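Notes follow the structure.
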Amino acid sequence: MEAILNALKDALGADAVRTGNAIESRYLGDWSAKSAHAPLAVVLPRDTQEVATALRLCNAARQSVVPQGGLTGLAGGAVPTSRDVCISLERMTGIEEIDRSAATMTVRAGTTLQTIQEAADAAGFEFQLDLGARGTCQIGGNLATNAGGIRVIQSGTARDQVLGLEVVLADGSVLSAMGKMIKNNTGYDLRHLFIGSEGTLGIITRAVLRLAPRPAARHTALCALSGYESAVALLQTLKARLGRELSAFELMWPDFFEMGVAFSRSQQAPFSTAYPLYALIEHTSCADDRHDSLAQTLANQLEAGGLLDAIISQSAAQSQSLWEIREATAEFPVKLTPINFDISIPIGDIGRFVDACRAEFQSRWPASRSLFFGHIGDSNLHVTVDGRSIPGVAPDAVEQGVYDLVRAFQGSVSAEHGIGMHKRAFLGYTRSEAELACMRSIKHALDPNAILNPGKLLS
Ligand SMILES: Cc1cc2nc3c(=O)[nH]c(=O)nc-3n(C[C@H](O)[C@H](O)[C@H](O)COP(=O)(O)OP(=O)(O)OC[C@H]3O[C@@H](n4cnc5c(N)ncnc54)[C@H](O)[C@@H]3O)c2cc1C
């Protein structure tokens with residue numbers, strides 16, 4: 001161990017390799033707040049070549065490496081053990097270029113999502129990936145997890161917003177595919193191997209991102225609904241009327257909604273009555289005058305029934321206060337002991353799944369407090385159980401119960417947060433043996449010494 005630490009210090013300089021008490025607590029774990037450990041060292045490279053040098057040395061010494069981005073992950077993917085060397089991308093920040101003709105932005109992997117969004121906006125574009133952790137998560141982490149977020153319904157996941165990628169492989173070689181072309185049918189599309197690989201196949205160091213035109217107007221509506229079927233009907237109507245201008249459709253069951261209101265700054269419920277279900281909708285358009293199309297669609301739905309009430313934001317501040325209810329999840333680690341689930345269920349079955357899940361919780365743990373919400377337009381449901389409401393119950397028992405139901409509904413154990421360390425035991429619920437064998441072959445081909453993020457994603 002001394003030998004590899006000395007080799008890293010010699011090659012990168014002592015200030016780029018932290019050990020012992022010099023390792024700050026933030027490198028020990030991610031937002032899942034499970035199993036935090038002090039690693040052997042934290043390495044802070046300044047550029048791609050330094051990442052390559054660090055990996056070449058670690059590979060030669062068979063030293064395990066954990067890539068770290070903004071550490072907002074919820075699956076334990078960036079959490080080290082005491083034997084690992086962490087490679088943090090936090091010094092590799094900055095936007096290298098905005099190409100107006102190609103509508104692309106070239107960025108370094110450690111740049112935060114919010115910095116990218118703001119730079120795109122200042123240049124008259126929009127970078128459409130968006131999620132609550134925007135201020136801290138890094139684009140390298142977003143790509144490594146193939147992050148989803150609130151605009152997938154409009155623009156797809158992180159994978160759909162990347163044209164080029166630079167990755168350092170386990171042996172220290174640099175794979176640079178930083179093209180700006182949209183069409184490039186020249187064999188295997190290697191980008192997509194690394195996107196969503198959770199740091200197990202290589203370290204992402206740079207990327208070419210796709211930009212969209214900046215919308216002229218953004219309108220938010222909060223809708224009160226009579227039940228899940230009405231929500232699906234509203235979703236389909238909005239998709240048909242607004243097309244790609246429908247940029248978010250977030251569903252909140254009353255248990256989540258009430259907590260979201262309580263955690264928001266105003267603590268004011270937007271409606272005077274409680275309803276069975278709430279949808280937060282966002283409409284973005286390139287023309288200023290499209291506000292009416294959302295208002296008209298909602299008015300028609302109010303007449304038709306199913307939609308019981310609606311508020312359309314009249315200002316950016318009002319829109320923000322509606323979003324605060326949905327983004328209350330940022331408070332969960334502080335105000336709850338969350339046992340989190342990020343699952344996919346076919347859209348038509350989500351209502352029944354929620355009922356089945358709630359019935360399971362009620363029968364096994366009558367005092368349990370559970371919250372249901374999600375990006376329903378993308379078939380993505382989040383479930384949170386507050387561990388404080390079921391003292392003495394092991395989180396494993398709750399996980400087993402939920403994932404058994406996910407399997408019965410033919411869903412996925414991870415919609416967007418990834419498998420990391422926490423969901424590894426359940427990967428086989430969603431992936432076949434043949435798929436797992438193929439994943440292992442790819443891992444072995446690219447990282448034969450298994451130094452990259454061992455114990456994450458695959459066994
Ligand atoms: C309040 C909140 C809201 C969230 N909302 C969403 C949401 O809506 N949708 C969603 O998908 N996620 C969401 N997340 C989860 C999280 O923000 C995402 O998974 C995010 O993409 C992680 O980025 P990060 O930089 O923090 O990565 P980290 O947590 O540091 O790492 C995540 C994984 O990526 C790997 N990794 C990191 N950087 C690199 C790199 N440069 N090269 C290779 N591997 C790397 C790590 O090893 C690890 O396996 C949310 C989290 C919080 C706290």
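Chain labels follow the order of the structure tokens: the first chain is A, the next B, and so on; residue numbering restarts at 1 in every chain, and ligands are counted from 1 in their shown order.
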
As a PDB file with all heavy atoms, in the first residue's frame, please: every protein or nucleic acid residue near ligand 1 (cut-off 6 Å, counting only C-alpha atoms and all ligand atoms).
```pdb
ATOM      1  N   ASP A  30     -21.925   8.668  -0.085  1.00  0.00           N
ATOM      2  CA  ASP A  30     -22.756   9.476  -0.975  1.00  0.00           C
ATOM      3  C   ASP A  30     -24.071   9.818  -0.264  1.00  0.00           C
ATOM      4  O   ASP A  30     -24.198   9.630   0.949  1.00  0.00           O
ATOM      5  CB  ASP A  30     -22.972   8.770  -2.324  1.00  0.00           C
ATOM      6  CG  ASP A  30     -23.795   7.498  -2.191  1.00  0.00           C
ATOM      7  OD1 ASP A  30     -24.263   7.191  -1.067  1.00  0.00           O
ATOM      8  OD2 ASP A  30     -23.972   6.796  -3.206  1.00  0.00           O
ATOM      9  N   TRP A  31     -25.078  10.251  -1.037  1.00  0.00           N
ATOM     10  CA  TRP A  31     -26.334  10.682  -0.424  1.00  0.00           C
ATOM     11  C   TRP A  31     -27.160   9.532   0.132  1.00  0.00           C
ATOM     12  O   TRP A  31     -28.132   9.747   0.832  1.00  0.00           O
ATOM     13  CB  TRP A  31     -27.163  11.484  -1.450  1.00  0.00           C
ATOM     14  CG  TRP A  31     -26.943  12.941  -1.285  1.00  0.00           C
ATOM     15  CD1 TRP A  31     -25.776  13.612  -1.513  1.00  0.00           C
ATOM     16  CD2 TRP A  31     -27.893  13.922  -0.849  1.00  0.00           C
ATOM     17  NE1 TRP A  31     -25.946  14.943  -1.249  1.00  0.00           N
ATOM     18  CE2 TRP A  31     -27.235  15.162  -0.849  1.00  0.00           C
ATOM     19  CE3 TRP A  31     -29.232  13.872  -0.466  1.00  0.00           C
ATOM     20  CZ2 TRP A  31     -27.875  16.341  -0.474  1.00  0.00           C
ATOM     21  CZ3 TRP A  31     -29.862  15.039  -0.105  1.00  0.00           C
ATOM     22  CH2 TRP A  31     -29.183  16.259  -0.097  1.00  0.00           C
ATOM     23  N   VAL A  66     -12.044   3.823  -6.945  1.00  0.00           N
ATOM     24  CA  VAL A  66     -13.456   4.223  -6.971  1.00  0.00           C
ATOM     25  C   VAL A  66     -13.559   5.628  -7.565  1.00  0.00           C
ATOM     26  O   VAL A  66     -13.083   6.585  -6.956  1.00  0.00           O
ATOM     27  CB  VAL A  66     -14.063   4.206  -5.545  1.00  0.00           C
ATOM     28  CG1 VAL A  66     -15.503   4.710  -5.568  1.00  0.00           C
ATOM     29  CG2 VAL A  66     -14.010   2.814  -4.967  1.00  0.00           C
ATOM     30  N   PRO A  67     -14.153   5.778  -8.758  1.00  0.00           N
ATOM     31  CA  PRO A  67     -14.344   7.126  -9.304  1.00  0.00           C
ATOM     32  C   PRO A  67     -15.389   7.876  -8.484  1.00  0.00           C
ATOM     33  O   PRO A  67     -16.418   7.309  -8.107  1.00  0.00           O
ATOM     34  CB  PRO A  67     -14.864   6.871 -10.732  1.00  0.00           C
ATOM     35  CG  PRO A  67     -14.606   5.417 -11.012  1.00  0.00           C
ATOM     36  CD  PRO A  67     -14.639   4.725  -9.685  1.00  0.00           C
ATOM     37  N   GLN A  68     -15.116   9.151  -8.222  1.00  0.00           N
ATOM     38  CA  GLN A  68     -16.069   9.973  -7.469  1.00  0.00           C
ATOM     39  C   GLN A  68     -16.379  11.262  -8.213  1.00  0.00           C
ATOM     40  O   GLN A  68     -15.480  11.970  -8.658  1.00  0.00           O
ATOM     41  CB  GLN A  68     -15.514  10.319  -6.076  1.00  0.00           C
ATOM     42  CG  GLN A  68     -15.458   9.132  -5.143  1.00  0.00           C
ATOM     43  CD  GLN A  68     -15.130   9.529  -3.707  1.00  0.00           C
ATOM     44  OE1 GLN A  68     -14.502  10.568  -3.473  1.00  0.00           O
ATOM     45  NE2 GLN A  68     -15.560   8.717  -2.754  1.00  0.00           N
ATOM     46  N   GLY A  69     -17.678  11.559  -8.341  1.00  0.00           N
ATOM     47  CA  GLY A  69     -18.121  12.825  -8.915  1.00  0.00           C
ATOM     48  C   GLY A  69     -18.572  13.731  -7.789  1.00  0.00           C
ATOM     49  O   GLY A  69     -17.834  13.976  -6.831  1.00  0.00           O
ATOM     50  N   GLY A  70     -19.821  14.185  -7.867  1.00  0.00           N
ATOM     51  CA  GLY A  70     -20.333  15.093  -6.840  1.00  0.00           C
ATOM     52  C   GLY A  70     -20.850  14.387  -5.599  1.00  0.00           C
ATOM     53  O   GLY A  70     -21.305  15.025  -4.660  1.00  0.00           O
ATOM     54  N   LEU A  71     -20.845  13.065  -5.598  1.00  0.00           N
ATOM     55  CA  LEU A  71     -21.263  12.243  -4.443  1.00  0.00           C
ATOM     56  C   LEU A  71     -22.719  12.483  -4.042  1.00  0.00           C
ATOM     57  O   LEU A  71     -23.066  12.443  -2.861  1.00  0.00           O
ATOM     58  CB  LEU A  71     -20.311  12.478  -3.261  1.00  0.00           C
ATOM     59  CG  LEU A  71     -18.913  11.898  -3.506  1.00  0.00           C
ATOM     60  CD1 LEU A  71     -17.877  12.509  -2.583  1.00  0.00           C
ATOM     61  CD2 LEU A  71     -18.917  10.381  -3.347  1.00  0.00           C
ATOM     62  N   THR A  72     -23.556  12.738  -5.036  1.00  0.00           N
ATOM     63  CA  THR A  72     -24.994  12.842  -4.761  1.00  0.00           C
ATOM     64  C   THR A  72     -25.722  11.547  -5.118  1.00  0.00           C
ATOM     65  O   THR A  72     -26.952  11.482  -5.053  1.00  0.00           O
ATOM     66  CB  THR A  72     -25.648  13.989  -5.562  1.00  0.00           C
ATOM     67  OG1 THR A  72     -25.592  13.670  -6.960  1.00  0.00           O
ATOM     68  CG2 THR A  72     -24.961  15.309  -5.324  1.00  0.00           C
ATOM     69  N   GLY A  73     -24.984  10.525  -5.525  1.00  0.00           N
ATOM     70  CA  GLY A  73     -25.582   9.253  -5.930  1.00  0.00           C
ATOM     71  C   GLY A  73     -26.403   8.647  -4.791  1.00  0.00           C
ATOM     72  O   GLY A  73     -26.136   8.883  -3.607  1.00  0.00           O
ATOM     73  N   LEU A  74     -27.398   7.877  -5.163  1.00  0.00           N
ATOM     74  CA  LEU A  74     -28.300   7.294  -4.162  1.00  0.00           C
ATOM     75  C   LEU A  74     -28.204   5.769  -4.138  1.00  0.00           C
ATOM     76  O   LEU A  74     -29.047   5.115  -3.528  1.00  0.00           O
ATOM     77  CB  LEU A  74     -29.741   7.741  -4.460  1.00  0.00           C
ATOM     78  CG  LEU A  74     -29.980   9.255  -4.299  1.00  0.00           C
ATOM     79  CD1 LEU A  74     -31.314   9.667  -4.911  1.00  0.00           C
ATOM     80  CD2 LEU A  74     -29.940   9.650  -2.831  1.00  0.00           C
ATOM     81  N   GLY A  77     -22.756   3.917  -5.351  1.00  0.00           N
ATOM     82  CA  GLY A  77     -21.777   3.607  -6.409  1.00  0.00           C
ATOM     83  C   GLY A  77     -20.415   4.237  -6.186  1.00  0.00           C
ATOM     84  O   GLY A  77     -19.402   3.700  -6.620  1.00  0.00           O
ATOM     85  N   ALA A  78     -20.367   5.386  -5.516  1.00  0.00           N
ATOM     86  CA  ALA A  78     -19.091   6.084  -5.332  1.00  0.00           C
ATOM     87  C   ALA A  78     -18.543   5.908  -3.915  1.00  0.00           C
ATOM     88  O   ALA A  78     -17.599   6.579  -3.515  1.00  0.00           O
ATOM     89  CB  ALA A  78     -19.279   7.568  -5.629  1.00  0.00           C
ATOM     90  N   ALA A 109     -15.321  16.644 -17.064  1.00  0.00           N
ATOM     91  CA  ALA A 109     -16.264  15.778 -16.331  1.00  0.00           C
ATOM     92  C   ALA A 109     -16.649  16.285 -14.947  1.00  0.00           C
ATOM     93  O   ALA A 109     -17.725  15.972 -14.444  1.00  0.00           O
ATOM     94  CB  ALA A 109     -15.675  14.379 -16.219  1.00  0.00           C
ATOM     95  N   LEU A 131     -32.084  17.798 -12.653  1.00  0.00           N
ATOM     96  CA  LEU A 131     -32.483  17.029 -11.465  1.00  0.00           C
ATOM     97  C   LEU A 131     -32.182  17.834 -10.215  1.00  0.00           C
ATOM     98  O   LEU A 131     -31.414  18.796 -10.267  1.00  0.00           O
ATOM     99  CB  LEU A 131     -31.786  15.661 -11.429  1.00  0.00           C
ATOM    100  CG  LEU A 131     -30.311  15.551 -11.743  1.00  0.00           C
ATOM    101  CD1 LEU A 131     -29.589  14.944 -10.570  1.00  0.00           C
ATOM    102  CD2 LEU A 131     -30.150  14.648 -12.941  1.00  0.00           C
ATOM    103  N   GLY A 132     -32.804  17.422  -9.116  1.00  0.00           N
ATOM    104  CA  GLY A 132     -32.742  18.203  -7.880  1.00  0.00           C
ATOM    105  C   GLY A 132     -31.335  18.437  -7.363  1.00  0.00           C
ATOM    106  O   GLY A 132     -31.073  19.435  -6.701  1.00  0.00           O
ATOM    107  N   ALA A 133     -30.400  17.530  -7.681  1.00  0.00           N
ATOM    108  CA  ALA A 133     -29.034  17.652  -7.162  1.00  0.00           C
ATOM    109  C   ALA A 133     -28.159  18.514  -8.060  1.00  0.00           C
ATOM    110  O   ALA A 133     -26.925  18.483  -7.954  1.00  0.00           O
ATOM    111  CB  ALA A 133     -28.429  16.253  -7.012  1.00  0.00           C
ATOM    112  N   CYS A 137     -24.125  17.681  -8.240  1.00  0.00           N
ATOM    113  CA  CYS A 137     -23.746  16.535  -9.086  1.00  0.00           C
ATOM    114  C   CYS A 137     -22.918  17.027 -10.270  1.00  0.00           C
ATOM    115  O   CYS A 137     -23.045  18.161 -10.700  1.00  0.00           O
ATOM    116  CB  CYS A 137     -24.974  15.753  -9.536  1.00  0.00           C
ATOM    117  SG  CYS A 137     -26.115  16.666 -10.584  1.00  0.00           S
ATOM    118  N   GLN A 138     -22.046  16.158 -10.758  1.00  0.00           N
ATOM    119  CA  GLN A 138     -21.162  16.524 -11.872  1.00  0.00           C
ATOM    120  C   GLN A 138     -21.627  15.821 -13.146  1.00  0.00           C
ATOM    121  O   GLN A 138     -22.191  14.725 -13.078  1.00  0.00           O
ATOM    122  CB  GLN A 138     -19.729  16.088 -11.557  1.00  0.00           C
ATOM    123  CG  GLN A 138     -19.166  16.719 -10.314  1.00  0.00           C
ATOM    124  CD  GLN A 138     -17.785  16.172  -9.951  1.00  0.00           C
ATOM    125  OE1 GLN A 138     -17.226  15.339 -10.667  1.00  0.00           O
ATOM    126  NE2 GLN A 138     -17.245  16.650  -8.847  1.00  0.00           N
ATOM    127  N   GLY A 140     -19.896  14.192 -15.209  1.00  0.00           N
ATOM    128  CA  GLY A 140     -19.290  12.851 -15.284  1.00  0.00           C
ATOM    129  C   GLY A 140     -20.124  11.839 -14.514  1.00  0.00           C
ATOM    130  O   GLY A 140     -20.363  10.716 -14.984  1.00  0.00           O
ATOM    131  N   GLY A 141     -20.605  12.242 -13.334  1.00  0.00           N
ATOM    132  CA  GLY A 141     -21.462  11.361 -12.529  1.00  0.00           C
ATOM    133  C   GLY A 141     -22.812  11.160 -13.194  1.00  0.00           C
ATOM    134  O   GLY A 141     -23.362  10.060 -13.198  1.00  0.00           O
ATOM    135  N   ASN A 142     -23.345  12.230 -13.796  1.00  0.00           N
ATOM    136  CA  ASN A 142     -24.635  12.114 -14.504  1.00  0.00           C
ATOM    137  C   ASN A 142     -24.533  11.091 -15.635  1.00  0.00           C
ATOM    138  O   ASN A 142     -25.451  10.295 -15.846  1.00  0.00           O
ATOM    139  CB  ASN A 142     -25.065  13.452 -15.108  1.00  0.00           C
ATOM    140  CG  ASN A 142     -25.294  14.549 -14.084  1.00  0.00           C
ATOM    141  OD1 ASN A 142     -25.087  15.719 -14.383  1.00  0.00           O
ATOM    142  ND2 ASN A 142     -25.708  14.192 -12.890  1.00  0.00           N
ATOM    143  N   ALA A 144     -22.143   8.694 -15.936  1.00  0.00           N
ATOM    144  CA  ALA A 144     -21.805   7.369 -15.399  1.00  0.00           C
ATOM    145  C   ALA A 144     -23.043   6.658 -14.860  1.00  0.00           C
ATOM    146  O   ALA A 144     -23.111   5.431 -14.840  1.00  0.00           O
ATOM    147  CB  ALA A 144     -20.743   7.498 -14.311  1.00  0.00           C
ATOM    148  N   THR A 145     -24.042   7.445 -14.396  1.00  0.00           N
ATOM    149  CA  THR A 145     -25.277   6.831 -13.886  1.00  0.00           C
ATOM    150  C   THR A 145     -26.413   6.884 -14.922  1.00  0.00           C
ATOM    151  O   THR A 145     -27.520   6.442 -14.619  1.00  0.00           O
ATOM    152  CB  THR A 145     -25.770   7.564 -12.614  1.00  0.00           C
ATOM    153  OG1 THR A 145     -25.922   8.958 -12.917  1.00  0.00           O
ATOM    154  CG2 THR A 145     -24.814   7.401 -11.450  1.00  0.00           C
ATOM    155  N   ALA A 147     -28.167   9.487 -15.714  1.00  0.00           N
ATOM    156  CA  ALA A 147     -29.207  10.124 -14.888  1.00  0.00           C
ATOM    157  C   ALA A 147     -30.456  10.448 -15.707  1.00  0.00           C
ATOM    158  O   ALA A 147     -30.385  10.686 -16.915  1.00  0.00           O
ATOM    159  CB  ALA A 147     -28.632  11.402 -14.266  1.00  0.00           C
ATOM    160  N   GLY A 148     -31.568  10.456 -15.008  1.00  0.00           N
ATOM    161  CA  GLY A 148     -32.851  10.763 -15.659  1.00  0.00           C
ATOM    162  C   GLY A 148     -33.279  12.168 -15.292  1.00  0.00           C
ATOM    163  O   GLY A 148     -32.906  13.128 -15.940  1.00  0.00           O
ATOM    164  N   GLY A 149     -34.084  12.287 -14.237  1.00  0.00           N
ATOM    165  CA  GLY A 149     -34.503  13.605 -13.782  1.00  0.00           C
ATOM    166  C   GLY A 149     -35.871  13.986 -14.300  1.00  0.00           C
ATOM    167  O   GLY A 149     -36.645  13.145 -14.755  1.00  0.00           O
ATOM    168  N   ILE A 150     -36.141  15.301 -14.269  1.00  0.00           N
ATOM    169  CA  ILE A 150     -37.526  15.749 -14.455  1.00  0.00           C
ATOM    170  C   ILE A 150     -37.907  16.008 -15.903  1.00  0.00           C
ATOM    171  O   ILE A 150     -39.060  16.246 -16.207  1.00  0.00           O
ATOM    172  CB  ILE A 150     -37.794  17.019 -13.610  1.00  0.00           C
ATOM    173  CG1 ILE A 150     -36.743  18.083 -13.903  1.00  0.00           C
ATOM    174  CG2 ILE A 150     -37.819  16.675 -12.140  1.00  0.00           C
ATOM    175  CD1 ILE A 150     -36.883  19.335 -13.044  1.00  0.00           C
ATOM    176  N   GLU A 198     -21.531   3.180 -14.336  1.00  0.00           N
ATOM    177  CA  GLU A 198     -21.292   3.458 -12.911  1.00  0.00           C
ATOM    178  C   GLU A 198     -19.813   3.316 -12.509  1.00  0.00           C
ATOM    179  O   GLU A 198     -19.492   2.766 -11.450  1.00  0.00           O
ATOM    180  CB  GLU A 198     -22.181   2.556 -12.042  1.00  0.00           C
ATOM    181  CG  GLU A 198     -23.671   2.753 -12.325  1.00  0.00           C
ATOM    182  CD  GLU A 198     -24.564   1.959 -11.394  1.00  0.00           C
ATOM    183  OE1 GLU A 198     -24.314   1.975 -10.182  1.00  0.00           O
ATOM    184  OE2 GLU A 198     -25.513   1.320 -11.893  1.00  0.00           O
ATOM    185  N   GLY A 199     -18.945   3.777 -13.372  1.00  0.00           N
ATOM    186  CA  GLY A 199     -17.520   3.787 -13.024  1.00  0.00           C
ATOM    187  C   GLY A 199     -16.871   2.424 -13.018  1.00  0.00           C
ATOM    188  O   GLY A 199     -15.763   2.270 -12.500  1.00  0.00           O
ATOM    189  N   GLY A 202     -14.550   2.495 -16.943  1.00  0.00           N
ATOM    190  CA  GLY A 202     -13.589   3.546 -17.276  1.00  0.00           C
ATOM    191  C   GLY A 202     -13.977   4.814 -16.534  1.00  0.00           C
ATOM    192  O   GLY A 202     -15.059   4.899 -15.951  1.00  0.00           O
ATOM    193  N   ILE A 203     -13.057   5.802 -16.559  1.00  0.00           N
ATOM    194  CA  ILE A 203     -13.366   7.097 -15.918  1.00  0.00           C
ATOM    195  C   ILE A 203     -13.621   8.122 -17.015  1.00  0.00           C
ATOM    196  O   ILE A 203     -12.769   8.362 -17.883  1.00  0.00           O
ATOM    197  CB  ILE A 203     -12.222   7.544 -14.982  1.00  0.00           C
ATOM    198  CG1 ILE A 203     -12.054   6.512 -13.851  1.00  0.00           C
ATOM    199  CG2 ILE A 203     -12.501   8.937 -14.429  1.00  0.00           C
ATOM    200  CD1 ILE A 203     -11.128   6.936 -12.730  1.00  0.00           C
ATOM    201  N   ILE A 204     -14.808   8.698 -16.997  1.00  0.00           N
ATOM    202  CA  ILE A 204     -15.193   9.713 -17.985  1.00  0.00           C
ATOM    203  C   ILE A 204     -14.476  11.006 -17.619  1.00  0.00           C
ATOM    204  O   ILE A 204     -14.528  11.462 -16.470  1.00  0.00           O
ATOM    205  CB  ILE A 204     -16.722   9.920 -17.969  1.00  0.00           C
ATOM    206  CG1 ILE A 204     -17.424   8.616 -18.380  1.00  0.00           C
ATOM    207  CG2 ILE A 204     -17.133  11.085 -18.866  1.00  0.00           C
ATOM    208  CD1 ILE A 204     -18.923   8.589 -18.107  1.00  0.00           C
ATOM    209  N   THR A 205     -13.784  11.606 -18.614  1.00  0.00           N
ATOM    210  CA  THR A 205     -13.010  12.817 -18.316  1.00  0.00           C
ATOM    211  C   THR A 205     -13.531  14.056 -19.052  1.00  0.00           C
ATOM    212  O   THR A 205     -13.359  15.171 -18.588  1.00  0.00           O
ATOM    213  CB  THR A 205     -11.517  12.600 -18.662  1.00  0.00           C
ATOM    214  OG1 THR A 205     -11.439  11.944 -19.931  1.00  0.00           O
ATOM    215  CG2 THR A 205     -10.838  11.727 -17.612  1.00  0.00           C
ATOM    216  N   THR A 329     -37.650  16.220  -1.664  1.00  0.00           N
ATOM    217  CA  THR A 329     -36.823  15.021  -1.458  1.00  0.00           C
ATOM    218  C   THR A 329     -35.428  15.383  -0.949  1.00  0.00           C
ATOM    219  O   THR A 329     -34.793  14.579  -0.285  1.00  0.00           O
ATOM    220  CB  THR A 329     -36.681  14.232  -2.767  1.00  0.00           C
ATOM    221  OG1 THR A 329     -36.349  15.154  -3.802  1.00  0.00           O
ATOM    222  CG2 THR A 329     -37.963  13.529  -3.136  1.00  0.00           C
ATOM    223  N   ALA A 330     -34.964  16.593  -1.278  1.00  0.00           N
ATOM    224  CA  ALA A 330     -33.636  17.015  -0.815  1.00  0.00           C
ATOM    225  C   ALA A 330     -33.584  17.061   0.715  1.00  0.00           C
ATOM    226  O   ALA A 330     -32.513  16.963   1.308  1.00  0.00           O
ATOM    227  CB  ALA A 330     -33.291  18.382  -1.400  1.00  0.00           C
ATOM    228  N   GLU A 416     -33.419   5.006 -12.554  1.00  0.00           N
ATOM    229  CA  GLU A 416     -32.459   6.066 -12.918  1.00  0.00           C
ATOM    230  C   GLU A 416     -31.280   6.203 -11.962  1.00  0.00           C
ATOM    231  O   GLU A 416     -30.259   6.765 -12.340  1.00  0.00           O
ATOM    232  CB  GLU A 416     -33.178   7.423 -13.060  1.00  0.00           C
ATOM    233  CG  GLU A 416     -33.942   7.853 -11.817  1.00  0.00           C
ATOM    234  CD  GLU A 416     -34.609   9.221 -11.934  1.00  0.00           C
ATOM    235  OE1 GLU A 416     -34.654   9.769 -13.039  1.00  0.00           O
ATOM    236  OE2 GLU A 416     -35.076   9.731 -10.901  1.00  0.00           O
ATOM    237  N   HIS A 417     -31.356   5.720 -10.747  1.00  0.00           N
ATOM    238  CA  HIS A 417     -30.242   5.941  -9.811  1.00  0.00           C
ATOM    239  C   HIS A 417     -29.107   4.953  -9.996  1.00  0.00           C
ATOM    240  O   HIS A 417     -28.004   5.168  -9.515  1.00  0.00           O
ATOM    241  CB  HIS A 417     -30.734   5.877  -8.356  1.00  0.00           C
ATOM    242  CG  HIS A 417     -31.712   6.947  -8.017  1.00  0.00           C
ATOM    243  ND1 HIS A 417     -32.555   6.876  -6.942  1.00  0.00           N
ATOM    244  CD2 HIS A 417     -31.998   8.125  -8.634  1.00  0.00           C
ATOM    245  CE1 HIS A 417     -33.315   7.964  -6.901  1.00  0.00           C
ATOM    246  NE2 HIS A 417     -33.004   8.727  -7.923  1.00  0.00           N
ATOM    247  N   GLY A 420     -25.277   0.420  -8.280  1.00  0.00           N
ATOM    248  CA  GLY A 420     -24.264   0.700  -7.261  1.00  0.00           C
ATOM    249  C   GLY A 420     -23.971  -0.522  -6.421  1.00  0.00           C
ATOM    250  O   GLY A 420     -23.822  -1.643  -6.911  1.00  0.00           O
TER     251      GLY A 420
END
```

>> Can you pull out every residue from region 138-319 of chain A that DSSP, working from the backbone, puts in helix (DSSP H, G or I), and format the result as number ranges by chain?
In response: A: 139-144, 152-155, 158-161, 191-194, 228-245, 254-263, 288-304, 316-319

> What gap, in Å, lies between CA of His444 (chain A) and CA of Phe426 (chain A)?
Replying inline: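 According to the coordinates, CA of His444 (chain A) and CA of Phe426 (chain A) are separated by 21.2 Å.
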
Kindly provide the residues of region 145-251 of chain A that approach region 297-309 of chain A to within 8 Å, each paired with its closest atom pair and their distance in Å to one decimal, based on only C-alpha atoms, listed by chain and increasing number, as a tab-separated table.
```
residue	atom	partner	partner_atom	distance
A:Cys223	CA	A:Asp309	CA	5.9
A:Ala224	CA	A:Asp309	CA	5.0
A:Leu225	CA	A:Leu307	CA	4.8
A:Ser226	CA	A:Gly306	CA	5.3
A:Gly227	CA	A:Gly306	CA	7.4
A:Ser230	CA	A:Gly306	CA	5.0
A:Ala231	CA	A:Gly306	CA	7.9
A:Leu234	CA	A:Gln301	CA	7.4
A:Thr237	CA	A:Thr297	CA	7.9
A:Leu238	CA	A:Thr297	CA	7.2
A:Arg241	CA	A:Thr297	CA	7.5
```

> Would you give me, as a ChimeraX atom specification, the residues in region 228-294 of chain A that DSSP reads as strand (DSSP E or B)?
Replying inline: /A:246-252,277-285

> Restricting the calculation to only C-alpha atoms, which member of A:Val17, A:Leu405, A:Ala248, A:Ala11 is positioned closest to Asp355 (chain A)?
Replying inline: A:Leu405

> Which of these residues is nearest to Trp365 (chain A), using only C-alpha atoms: A:Gln267, A:Ser459, A:Ser389, A:Asn59?
Replying inline: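 Of the candidates, the smallest distance to Trp365 (chain A) is held by A:Ser389.
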